[in-house]
Amino acid sequence: MKQQIKIVDTTLRDGEQRPGIVLNVEDKLELAQILDEIGIFEIEAGTPSIGTEGIDYYLQIREKVKKAKISVWSRSNTKDIKNAILCNPDIIHIGIPISYVQIYSKLKKNKVWVHNKISECMDLILSENIQVTIGFEDASRADEGFMIETAKLIKDNGGNILRIADTVGVLTPQRAYQIIRRIKDKVDLEIEYHGHNDLGMAVSNSIMSVKAGAGYIDCTLLGIGERSGNCNLKEFVKSTSHFFEVGIDKMRLYYAENMLLDIFHKKVN
Amino acid sequence: MIRIIDSTLAMLDKYVPTREQIQKFCIFMKEIGIIDLEISKQIYKEIKELPKGFRFYMRKDSFDKQIDYPGIYKYFANQRKNQEKDIKESQMNDIKEIVHLRLQKDTNQVRIVGLDDIFFHDYLYIFDEIKKIFHKDKIIFCPEDTYGCATGLAVEWLLNGGKEVTTTFAGCGCRAATEEVYIAMYIVKRYKPTQSLDVLVKIKKLFEEITNEKISDFKPILGEKIFQVESGIHVDGILKNPANYEAYPPEKVGQKTEIIIGKHSGCNSILMKCNYLGLKKPNDEKLNILLKQIKLRSVETRNSISDIEFKKIYKEVVENEAAN
């Protein structure tokens, strides 16, 4: 029996962060519908705190999408999370830096601050009966011991799913496998893998993550995303469908890609 | 010591590159430290005199009557009797075929082509099995890209004791991409850490000229737009320390960071742009209005905001208001 994988599509959030790509509310609603139809398990609909779509968009997407779960992305601050809660999603995803370079150099904070923030955010979201997932940003350059310690804290706080993000796209396949395997060996959490294609290895790393026990893989249509993009949904499905059960309608996937290309053509120069 | 054999010049026959283009390609490759190049027979004929300072490889068929081609260092041959300069080439379409390699264990050197799906199996065990048959120094691994894994496989081979891989520029011909393997090894193993790779930009232009096809703006390492950054969180991080979001300096590969203004911009990007364009820093209230207007304009046009547009919006929001 093939191993089952759930696809998390982040075209509407991380994909749109590719400079020069702009999707309006109508585009996003249309894309969400087709993503739902092709069998995406979870649609990451956006980042409410940036305020470009408005809460109505998130409420509308809930109405349009019949099967897929709707998640929203949030930074680890209370104001942003309250905004996210108003959007009534199935899942709120909190992205939090986990590498020392990002904690100390970008945020100018420390490890205790990271742990306190995670607990605070999870309490707030879970008290609203909304599922929460935590994402380790820049996990590829992070200390494994600190990741495991933090993963245990997430589990203790009632979390079930942990996202491992190769934020700068530097993982190699074996390293992706090791990070996920070591976390899974120590903490009973489901793992979601979020890869970037900076070294042309997003598909390879996603495959190895599944082999290490990841049950969720993040992808985008046409592989759009920051820099060289995210794991390309079509390429991942094409590569893995003989080996893994991804539950994606390949024919409709081509249609979804064409729909996105049509949107790009509407750009005003 | 690892060796990357670049096979791009064995893949370009249909584009008929000129002698000058071939020579230029060789020189550029040498500038990034790659002197092992596989060429096709057509390229060999076109170039007439092979440039010095390289090791050239060429594929030979069993019906090839000519035994030796002057200047060629080694030959990839699949059916021929094992000659001194021959590297036996074995196409492996399935892991079960690895047992056949045992029949070739007495060959000087072997190039294994294919094995494109081994990430779905125990690939480290497969690597070990191959290394049991041949000494690791005698194996050149040439993974194919049917499953989008060729670069990953080439890198894993090198990280697990393998010494040689065959790749192509931009991964043409369904191979691992030379530049991706190179940078991955630079990041993971400090491979040639002081080697400047800014000539990659020139190789890319030459490759586009030869093939008459544009390389994607987002192609890893080579894409013109891969160092553009727009999202507020990322711009903020890069302004604090580029290493926050850049795995290697863009200058290493002849590129530079470019901050784009648009729907996903944050206040820091706007301030940075004002400074860059010599515009007076707006107060907090004006800054928020300016940011909002920029996002609205970006959504309207489904595009990022050019400097001209930025100045126009700035004038409307900041200067006109100030005049009032």
# chains A, B, ... in the order shown; residues from 1 in each chain; ligands from 1
>>> interface_residues(of="chain B", to="chain A", cutoff="6 Å", atoms="only C-alpha atoms", output="PDB file with N, CA and C atoms, in the first residue's frame")
ATOM      1  N   TYR B 147      12.757  12.334 -12.453  1.00  0.00           N
ATOM      2  CA  TYR B 147      11.941  12.548 -11.256  1.00  0.00           C
ATOM      3  C   TYR B 147      12.262  13.883 -10.570  1.00  0.00           C
ATOM      4  N   CYS B 149      15.071  14.883  -9.519  1.00  0.00           N
ATOM      5  CA  CYS B 149      15.965  14.648  -8.378  1.00  0.00           C
ATOM      6  C   CYS B 149      17.439  14.596  -8.759  1.00  0.00           C
ATOM      7  N   GLY B 152      19.866  16.596  -6.565  1.00  0.00           N
ATOM      8  CA  GLY B 152      19.896  15.979  -5.231  1.00  0.00           C
ATOM      9  C   GLY B 152      20.724  14.710  -5.227  1.00  0.00           C
ATOM     10  N   GLU B 180      24.080  24.135  -9.772  1.00  0.00           N
ATOM     11  CA  GLU B 180      23.391  23.777  -8.528  1.00  0.00           C
ATOM     12  C   GLU B 180      24.256  22.847  -7.690  1.00  0.00           C
ATOM     13  N   PHE B 218      13.652  32.601 -12.555  1.00  0.00           N
ATOM     14  CA  PHE B 218      13.649  32.043 -11.206  1.00  0.00           C
ATOM     15  C   PHE B 218      14.450  30.745 -11.107  1.00  0.00           C
ATOM     16  N   LYS B 219      15.200  30.446 -12.141  1.00  0.00           N
ATOM     17  CA  LYS B 219      16.034  29.236 -12.146  1.00  0.00           C
ATOM     18  C   LYS B 219      17.046  29.337 -11.001  1.00  0.00           C
ATOM     19  N   PRO B 220      17.151  28.284 -10.174  1.00  0.00           N
ATOM     20  CA  PRO B 220      18.125  28.343  -9.083  1.00  0.00           C
ATOM     21  C   PRO B 220      19.504  28.789  -9.576  1.00  0.00           C
ATOM     22  N   ILE B 226      16.091  35.982  -8.820  1.00  0.00           N
ATOM     23  CA  ILE B 226      16.085  35.169  -7.583  1.00  0.00           C
ATOM     24  C   ILE B 226      16.539  35.946  -6.348  1.00  0.00           C
ATOM     25  N   PHE B 227      17.183  37.068  -6.559  1.00  0.00           N
ATOM     26  CA  PHE B 227      17.603  37.855  -5.392  1.00  0.00           C
ATOM     27  C   PHE B 227      16.735  39.098  -5.198  1.00  0.00           C
ATOM     28  N   GLU B 230      10.607  41.223  -1.748  1.00  0.00           N
ATOM     29  CA  GLU B 230       9.526  42.207  -1.593  1.00  0.00           C
ATOM     30  C   GLU B 230       8.866  42.137  -0.215  1.00  0.00           C
ATOM     31  N   GLY B 237      14.545  41.518   7.406  1.00  0.00           N
ATOM     32  CA  GLY B 237      15.603  40.576   7.785  1.00  0.00           C
ATOM     33  C   GLY B 237      16.877  40.801   6.990  1.00  0.00           C
ATOM     34  N   ASN B 244      20.339  36.411   6.940  1.00  0.00           N
ATOM     35  CA  ASN B 244      19.045  35.961   7.459  1.00  0.00           C
ATOM     36  C   ASN B 244      18.235  35.232   6.391  1.00  0.00           C
ATOM     37  N   TYR B 245      18.317  35.735   5.159  1.00  0.00           N
ATOM     38  CA  TYR B 245      17.502  35.125   4.106  1.00  0.00           C
ATOM     39  C   TYR B 245      18.263  34.755   2.846  1.00  0.00           C
ATOM     40  N   ALA B 247      21.281  32.386   1.417  1.00  0.00           N
ATOM     41  CA  ALA B 247      22.149  31.271   1.808  1.00  0.00           C
ATOM     42  C   ALA B 247      23.596  31.500   1.403  1.00  0.00           C
ATOM     43  N   THR B 301      -2.885  47.040 -10.359  1.00  0.00           N
ATOM     44  CA  THR B 301      -2.131  46.750 -11.595  1.00  0.00           C
ATOM     45  C   THR B 301      -1.634  45.311 -11.634  1.00  0.00           C
ATOM     46  N   ARG B 302      -1.834  44.578 -10.556  1.00  0.00           N
ATOM     47  CA  ARG B 302      -1.306  43.210 -10.412  1.00  0.00           C
ATOM     48  C   ARG B 302       0.203  43.210 -10.657  1.00  0.00           C
ATOM     49  N   ASN B 303       0.865  44.218 -10.214  1.00  0.00           N
ATOM     50  CA  ASN B 303       2.301  44.330 -10.496  1.00  0.00           C
ATOM     51  C   ASN B 303       3.004  45.036  -9.347  1.00  0.00           C
ATOM     52  N   SER B 304       4.335  44.997  -9.382  1.00  0.00           N
ATOM     53  CA  SER B 304       5.098  45.746  -8.385  1.00  0.00           C
ATOM     54  C   SER B 304       5.151  47.228  -8.793  1.00  0.00           C
TER      55      SER B 304
END
>>> residues_around(residues="Lys28 in chain A", least_positions_apart="4", cutoff="9 Å", atoms="only C-alpha atoms", output="list in words")
Leu12, Leu23, Asn24, Ala32, Gln33, Ala45, Tyr57 and Ile61 of chain A
>>> residues_around(residues="Lys69 in chain A", least_positions_apart="5", cutoff="9 Å", atoms="only C-alpha atoms", output="PyMOL selection string")
chain A and resi 36+40-44+62+89-91
>>> select_by_dssp(residues="range 48-233 of chain B", states="strand (DSSP E)", output="CSV table (one decimal) with N, CA and C atoms, in the first residue's frame")
chain,number,residue,atom,x,y,z
B,55,ARG,N,40.5,18.6,-19.8
B,55,ARG,CA,40.5,17.2,-20.1
B,55,ARG,C,39.1,17.0,-20.8
B,56,PHE,N,39.2,16.6,-22.1
B,56,PHE,CA,38.0,16.4,-22.9
B,56,PHE,C,37.6,15.0,-22.9
B,57,TYR,N,36.3,14.8,-22.8
B,57,TYR,CA,35.8,13.4,-22.8
B,57,TYR,C,34.8,13.4,-24.0
B,58,MET,N,34.7,12.2,-24.6
B,58,MET,CA,33.8,12.1,-25.7
B,58,MET,C,33.1,10.7,-25.7
B,59,ARG,N,31.9,10.6,-26.2
B,59,ARG,CA,31.2,9.3,-26.3
B,59,ARG,C,31.6,8.6,-27.6
B,60,LYS,N,31.9,7.3,-27.6
B,60,LYS,CA,32.2,6.6,-28.8
B,60,LYS,C,31.2,5.4,-28.9
B,72,ILE,N,41.6,14.0,-27.1
B,72,ILE,CA,40.6,13.5,-26.2
B,72,ILE,C,41.3,12.7,-25.1
B,73,TYR,N,40.8,13.1,-23.9
B,73,TYR,CA,41.4,12.5,-22.7
B,73,TYR,C,40.9,11.1,-22.4
B,74,LYS,N,39.5,11.0,-22.4
B,74,LYS,CA,38.9,9.7,-22.2
B,74,LYS,C,37.6,9.5,-23.0
B,75,TYR,N,37.2,8.3,-23.3
B,75,TYR,CA,36.0,8.0,-24.0
B,75,TYR,C,35.0,7.3,-23.2
B,76,PHE,N,33.7,7.7,-23.3
B,76,PHE,CA,32.6,7.0,-22.7
B,76,PHE,C,32.2,6.0,-23.8
B,77,ALA,N,32.2,4.7,-23.5
B,77,ALA,CA,31.8,3.7,-24.5
B,77,ALA,C,30.9,2.7,-23.8
B,86,ASP,N,39.2,4.1,-22.3
B,86,ASP,CA,37.7,3.9,-22.2
B,86,ASP,C,37.2,4.0,-20.8
B,87,ILE,N,36.0,4.6,-20.7
B,87,ILE,CA,35.2,4.6,-19.5
B,87,ILE,C,34.0,3.8,-19.9
B,88,LYS,N,33.7,2.7,-19.2
B,88,LYS,CA,32.5,1.9,-19.6
B,88,LYS,C,31.3,2.7,-19.1
B,89,GLU,N,30.3,2.9,-20.0
B,89,GLU,CA,29.1,3.6,-19.6
B,89,GLU,C,28.0,2.6,-19.5
B,90,SER,N,27.3,2.6,-18.3
B,90,SER,CA,26.2,1.7,-18.0
B,90,SER,C,24.9,2.5,-17.7
B,91,GLN,N,23.9,2.3,-18.6
B,91,GLN,CA,22.6,2.9,-18.3
B,91,GLN,C,21.8,2.0,-17.3
B,92,MET,N,21.5,2.6,-16.2
B,92,MET,CA,20.7,1.8,-15.2
B,92,MET,C,19.3,2.4,-15.1
B,110,VAL,N,34.0,3.4,-14.7
B,110,VAL,CA,32.7,3.2,-15.2
B,110,VAL,C,31.9,4.5,-15.0
B,111,ARG,N,31.0,4.8,-15.9
B,111,ARG,CA,30.0,5.9,-15.7
B,111,ARG,C,28.7,5.3,-15.6
B,112,ILE,N,28.0,5.5,-14.5
B,112,ILE,CA,26.6,5.0,-14.3
B,112,ILE,C,25.6,6.1,-14.6
B,113,VAL,N,24.8,5.9,-15.6
B,113,VAL,CA,23.8,6.9,-16.1
B,113,VAL,C,22.4,6.4,-15.7
B,114,GLY,N,21.6,7.3,-15.1
B,114,GLY,CA,20.3,6.9,-14.8
B,114,GLY,C,20.0,6.9,-13.3
B,139,ILE,N,34.3,5.4,-10.2
B,139,ILE,CA,32.9,5.6,-10.6
B,139,ILE,C,32.6,7.0,-10.9
B,140,ILE,N,32.0,7.2,-12.1
B,140,ILE,CA,31.4,8.6,-12.4
B,140,ILE,C,29.9,8.4,-12.4
B,141,PHE,N,29.2,9.2,-11.6
B,141,PHE,CA,27.8,9.0,-11.5
B,141,PHE,C,27.1,10.2,-12.3
B,142,CYS,N,26.2,9.7,-13.1
B,142,CYS,CA,25.5,10.7,-14.0
B,142,CYS,C,24.0,10.5,-13.8
B,143,PRO,N,23.4,11.0,-12.7
B,143,PRO,CA,22.0,10.8,-12.5
B,143,PRO,C,21.1,11.6,-13.5
B,164,GLU,N,33.2,11.6,-8.5
B,164,GLU,CA,33.0,12.3,-9.8
B,164,GLU,C,31.5,12.2,-10.2
B,165,VAL,N,31.0,13.3,-10.7
B,165,VAL,CA,29.7,13.3,-11.3
B,165,VAL,C,29.7,14.0,-12.6
B,166,THR,N,28.7,13.7,-13.4
B,166,THR,CA,28.5,14.3,-14.7
B,166,THR,C,27.3,15.2,-14.6
B,167,THR,N,27.4,16.4,-15.0
B,167,THR,CA,26.3,17.4,-14.9
B,167,THR,C,26.3,18.2,-16.2
B,228,GLN,N,15.6,39.1,-5.9
B,228,GLN,CA,14.6,40.2,-5.6
B,228,GLN,C,13.9,39.8,-4.3
B,229,VAL,N,13.6,40.8,-3.6
B,229,VAL,CA,12.8,40.5,-2.3
B,229,VAL,C,11.8,41.6,-2.1
>>> closest_residue(among="B:Asn320, B:Thr146, B:Asn93, B:Gln195", to="Glu251 in chain B", atoms="only C-alpha atoms")
B:Gln195
>>> residues_around(residues="Asp218 in chain A", least_positions_apart="5", cutoff="9 Å", atoms="only C-alpha atoms", output="PDB file with C-alpha atoms, in the first residue's frame")
ATOM      1  CA  LYS A   6      -1.438  15.372   2.529  1.00  0.00           C
ATOM      2  CA  ILE A   7      -0.635  18.346   0.339  1.00  0.00           C
ATOM      3  CA  VAL A   8      -0.669  21.807   1.846  1.00  0.00           C
ATOM      4  CA  ASP A   9      -0.884  24.366  -0.931  1.00  0.00           C
ATOM      5  CA  THR A  10       0.634  27.742  -0.133  1.00  0.00           C
ATOM      6  CA  GLU A 192       4.865  19.075   7.670  1.00  0.00           C
ATOM      7  CA  TYR A 193       7.791  19.900   5.361  1.00  0.00           C
ATOM      8  CA  HIS A 194       8.110  23.264   3.645  1.00  0.00           C
ATOM      9  CA  GLY A 195      10.899  23.340   1.061  1.00  0.00           C
ATOM     10  CA  SER A 206      10.309  16.765  -0.008  1.00  0.00           C
ATOM     11  CA  ASN A 230       8.753  26.544  -3.389  1.00  0.00           C
ATOM     12  CA  CYS A 231       8.268  22.872  -4.131  1.00  0.00           C
ATOM     13  CA  LEU A 233       3.140  20.921  -6.948  1.00  0.00           C
TER      14      LEU A 233
END
